[in-house]
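These notes are about the structure you will find just below.
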Amino acid sequence: MECHIEIYLDGQWQTAATFEPDPQTLDRGVEGGCRLEYDTDYAVENLGNHNAELIPGLTVGFELVRYEDWPPFLVDLLPAGAGRRAWLKRMQVENDGPQIEWHLLVKGAGNPPGNLRIAEAALEPPPEQFKIGFPRQDIIEQQEDFIEYAEERGAYVAGASSVQGEAPKYLLAEDHNGMFHAEGALPDDRIKQFWLVKFPRGRRTEERNHQVLRNEAPYLEVARKFGVLVGAPLVYAAGALFVPRFDREIVDGHVNRMGMHSLYAIAGIPGYGAAVRHDVYCRALAQVVTDPAREIREYILRDILNLALRNTDNHGRNTAISRNRDQVTISPLFDFAPMFLDPEGIGRVSRWDDERPGGQPEWAAICEKLQDIMDPTETRAWLAGVGGQVAKLPETMQACQVDDDIIKKLTQRINDVALGLNEAKPKAIA
C-alpha cells in the first residue's frame, strides 16, 4: 500500500517521494491518515533546492511527514467529475466513495497537469490500436468515437471543477503529423504541442451549455485586454474548444513540464469543492509566490473580472500557481467563461470576508486588511483606476466578439462593479 511520486526536474522524471495511506483508515479515503517521505537519494541530491520541493513549503529532507488528511497537492492529481466516472467505469467500480481514492491515485494519476505524477499510474503502455491517434477534424466531427477512445485511454483531465467537472476535458498531445493522442501515449520527441480539449458540460442538446463553451475563447481575450495574464488564444470549432497548455512548453525539441498547484493545495485545504474566502487564498499566495504584491494584484484583478462578467465558478481549483525554474507566479488564467448561463445554476463559491451574497466587496476594507502585502493607499487608487477599465468592458466584449445577448445581460452588473471600485478611491484624491 505505497506508491511513488515522481517530479519532472532537470529535464527528466525523478522518483522524489514515497506516499502511503494508513491501512487502518484506508476505508475513509481522503479523510484517512497517511504519510510521505522523500526518497533518500533524491533528498541527498536536492537538500536546500526549493525547485525540487513537491509543492512550495514541503522542504526536501529526511523526515517522515504525517498527515491527518490526504495532502491537498495529491488531490490535485486525481481525476474528478466526468473523468472520475470514466475511470470508475474503466475499473469496473460501481460504488464510488472515499475508499476509491487510493485506486484512482495509482491508476489515474499518470499524466495530470503540472510536473508531478504517480509512477505506478504511468507504467501502462499505450494499446497498439491507439498509436495512430485522431486528426483534429475527427475530434470535432466524430466526438463519440473520440470520447470512447479517450475513456479507454483515461485521457480525462485531473482536478476538474467543484461542479463535478461535467464538461469533459481531455489532456492531449499533438504529433508532428497533426494527429492527437492521449497524453502519455507518445514519447517526448514525437510531440509538437500539448492541448486540453473541452466539450460542453451537461446535456449536449442544451444550447446554453454550448454558449458557455463558445464564449470561453472571447472571454479570455477580454481578460487579455483587461491586463490579466493569459496564455495562447483558444480555438473553438463546432462544439469543441482547443486550449493550448501553459504547463508544458517545447524548447529546442525538449519538453519542459512546469509545476502547477491549485489554490486548495497551496492553502492546505483538504478534499473537494470547499468554499474558502479570498482572504485565505491571498495569505497563502503571499507565502509562496516570488513577488507577493504583484501576484495579489493579479488575483484581485481576476476577481473583479469574475464579478463583472459573472464567471461564478471561482472555486480553488480554477486558479493555480505556476512554478518555472526559480519563479513562482499565479498561472495564466483558465476556466474563465460566462458560467452564470449554466442551466444548473452555479453560485459564486469564493468570496471576501466583507462580501455579502449578491452585493459588492468592500474594496477599501480589503485594501486595509492586505496592508502588510500592499500599500493600502496605492491599492485603493489602483482599484479606482481599474473601475474605469471595468466601465469600458461592454465595448471590449463587443470587440472580442462575445455574444450580444451576454453583453446586454451584463451591462448593469458591469456598471455596479465599476461604481463599487470607484468608492475605494482614497479620500485625499476623491
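How things are named: the first chain in the C-alpha cells is A, the next is B, and so on; residues count from 1 in each chain; ligands count from 1 in the order shown.
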
**OP:** Find the residues near A:Glu20: any atom within 7 Å, counting only C-alpha atoms, skip ones fewer than 3 places away on the same chain, and give them as a list in words.
**Re:**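 After dropping sequence-adjacent residues, the list is Met1, Glu2, Cys3, Cys34, Arg35 and Leu36 of chain A.
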
Original post:
Do you know which residues are at most 12 Å from stretch 388-392 of chain A counting only C-alpha atoms, after dropping those on the same chain fewer than 6 positions away, and could you put them as a PyMOL selection string?
Top reply: chain A and resi 222-223+225-227+301-309+381-382+398-399+407+410-423+425

**OP:** Using DSSP on the backbone, list every residue of stretch 138-314 of chain A that comes out as strand (DSSP E or B), and give them as a PyMOL selection string.
**Re:** chain A and resi 156+158+169-175+179-182+191-198+235-237+240-244+248-251+254-257+259-262

Since we have the selection now, will you write its residues out, keeping C-alpha atoms, as a compact mmCIF listing (two decimals), in the first residue's frame?
# COMPACT_ATOMS: atom_id res chain seq x y z
CA TYR A 156 -9.69 12.96 -18.88
CA ALA A 158 -7.42 15.58 -13.42
CA LYS A 169 -11.85 17.71 -20.65
CA TYR A 170 -9.01 15.78 -22.23
CA LEU A 171 -5.25 16.19 -21.98
CA LEU A 172 -3.86 15.51 -25.44
CA ALA A 173 -0.56 15.65 -27.28
CA GLU A 174 -0.36 16.57 -30.96
CA ASP A 175 2.35 14.86 -33.01
CA MET A 179 -2.58 13.65 -35.03
CA PHE A 180 -3.89 13.90 -31.47
CA HIS A 181 -3.09 11.31 -28.77
CA ALA A 182 -3.84 10.91 -25.09
CA ILE A 191 5.23 15.77 -29.57
CA LYS A 192 4.63 19.06 -31.39
CA GLN A 193 2.22 20.67 -28.91
CA PHE A 194 0.20 19.89 -25.79
CA TRP A 195 -3.55 20.62 -25.67
CA LEU A 196 -6.55 20.46 -23.42
CA VAL A 197 -9.74 19.80 -25.41
CA LYS A 198 -13.14 20.58 -23.89
CA VAL A 235 -9.61 27.77 -30.72
CA TYR A 236 -13.34 26.97 -30.84
CA ALA A 237 -14.75 24.77 -33.60
CA ALA A 240 -15.04 21.60 -29.32
CA LEU A 241 -12.67 24.02 -27.58
CA PHE A 242 -8.93 23.55 -28.12
CA VAL A 243 -6.88 25.06 -25.29
CA PRO A 244 -3.08 25.32 -25.65
CA ARG A 248 4.03 22.43 -20.97
CA GLU A 249 6.45 24.06 -23.37
CA ILE A 250 8.73 22.64 -26.03
CA VAL A 251 12.12 24.32 -26.28
CA HIS A 254 12.71 19.17 -25.43
CA VAL A 255 9.62 19.24 -23.20
CA ASN A 256 9.61 21.44 -20.12
CA ARG A 257 6.94 20.44 -17.59
CA GLY A 259 4.85 22.79 -11.67
CA MET A 260 1.18 23.63 -11.15
CA HIS A 261 -0.75 23.59 -7.87
CA SER A 262 -4.29 24.70 -7.13

Subject >> Given only C-alpha atoms as the counted atoms, nearest of A:Pro357, A:Lys107, A:Pro72, A:Pro338 to A:Arg214 >> reply: A:Pro338

Original post:
Which residues, written as a PyMOL selection string, have at least one atom at most 10 Å from A:Thr59, with only C-alpha atoms counted and residues fewer than 2 positions away on the same chain left out?
Top reply: chain A and resi 38+43+46-57+61-63

Could you turn the residues from that selection into a file that holds N, CA and C atoms, as a PDB file, in the first residue's frame?
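Below is the file that was written, part.pdb:
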ATOM      1  N   TYR A  38      10.428  11.786   1.534  1.00  0.00           N
ATOM      2  CA  TYR A  38      11.270  11.971   0.360  1.00  0.00           C
ATOM      3  C   TYR A  38      12.224  10.783   0.201  1.00  0.00           C
ATOM      4  N   ALA A  43      16.729  13.220  -1.719  1.00  0.00           N
ATOM      5  CA  ALA A  43      16.942  14.220  -0.679  1.00  0.00           C
ATOM      6  C   ALA A  43      18.411  14.624  -0.593  1.00  0.00           C
ATOM      7  N   ASN A  46      19.174  16.962  -3.413  1.00  0.00           N
ATOM      8  CA  ASN A  46      18.413  18.205  -3.547  1.00  0.00           C
ATOM      9  C   ASN A  46      18.187  18.962  -2.247  1.00  0.00           C
ATOM     10  N   LEU A  47      18.983  18.693  -1.234  1.00  0.00           N
ATOM     11  CA  LEU A  47      18.850  19.444   0.015  1.00  0.00           C
ATOM     12  C   LEU A  47      19.014  20.942  -0.264  1.00  0.00           C
ATOM     13  N   GLY A  48      18.068  21.728   0.229  1.00  0.00           N
ATOM     14  CA  GLY A  48      18.142  23.171   0.046  1.00  0.00           C
ATOM     15  C   GLY A  48      17.662  23.665  -1.304  1.00  0.00           C
ATOM     16  N   ASN A  49      17.244  22.767  -2.189  1.00  0.00           N
ATOM     17  CA  ASN A  49      16.782  23.140  -3.525  1.00  0.00           C
ATOM     18  C   ASN A  49      15.263  23.318  -3.498  1.00  0.00           C
ATOM     19  N   HIS A  50      14.795  24.568  -3.476  1.00  0.00           N
ATOM     20  CA  HIS A  50      13.355  24.821  -3.403  1.00  0.00           C
ATOM     21  C   HIS A  50      12.632  24.352  -4.666  1.00  0.00           C
ATOM     22  N   ASN A  51      13.325  24.357  -5.799  1.00  0.00           N
ATOM     23  CA  ASN A  51      12.692  23.896  -7.034  1.00  0.00           C
ATOM     24  C   ASN A  51      12.366  22.405  -6.986  1.00  0.00           C
ATOM     25  N   ALA A  52      13.037  21.665  -6.103  1.00  0.00           N
ATOM     26  CA  ALA A  52      12.846  20.221  -6.009  1.00  0.00           C
ATOM     27  C   ALA A  52      11.724  19.839  -5.053  1.00  0.00           C
ATOM     28  N   GLU A  53      11.139  20.802  -4.361  1.00  0.00           N
ATOM     29  CA  GLU A  53      10.037  20.508  -3.449  1.00  0.00           C
ATOM     30  C   GLU A  53       8.815  20.053  -4.229  1.00  0.00           C
ATOM     31  N   LEU A  54       8.102  19.072  -3.704  1.00  0.00           N
ATOM     32  CA  LEU A  54       6.896  18.597  -4.377  1.00  0.00           C
ATOM     33  C   LEU A  54       5.871  19.707  -4.503  1.00  0.00           C
ATOM     34  N   ILE A  55       5.799  20.555  -3.504  1.00  0.00           N
ATOM     35  CA  ILE A  55       4.972  21.756  -3.520  1.00  0.00           C
ATOM     36  C   ILE A  55       5.715  22.763  -2.652  1.00  0.00           C
ATOM     37  N   PRO A  56       5.671  24.055  -2.999  1.00  0.00           N
ATOM     38  CA  PRO A  56       6.399  25.030  -2.184  1.00  0.00           C
ATOM     39  C   PRO A  56       6.060  24.916  -0.703  1.00  0.00           C
ATOM     40  N   GLY A  57       7.096  24.830   0.104  1.00  0.00           N
ATOM     41  CA  GLY A  57       6.915  24.704   1.547  1.00  0.00           C
ATOM     42  C   GLY A  57       7.123  23.303   2.076  1.00  0.00           C
ATOM     43  N   GLY A  61      13.925  16.797   2.587  1.00  0.00           N
ATOM     44  CA  GLY A  61      14.701  16.358   3.735  1.00  0.00           C
ATOM     45  C   GLY A  61      14.489  14.881   3.998  1.00  0.00           C
ATOM     46  N   PHE A  62      14.841  14.450   5.199  1.00  0.00           N
ATOM     47  CA  PHE A  62      14.805  13.020   5.526  1.00  0.00           C
ATOM     48  C   PHE A  62      13.696  12.675   6.531  1.00  0.00           C
ATOM     49  N   GLU A  63      12.896  13.663   6.913  1.00  0.00           N
ATOM     50  CA  GLU A  63      11.873  13.414   7.911  1.00  0.00           C
ATOM     51  C   GLU A  63      10.659  12.720   7.288  1.00  0.00           C
TER      52      GLU A  63
END

**OP:** For stretch 204-213 of chain A, list every protein, DNA or RNA residue within 7 Å, evaluated using only C-alpha atoms, and leave out those in the same chain fewer than 2 positions away; present the list as a PyMOL selection string.
**Re:** chain A and resi 200-202+215-216+239+337-339+341-343
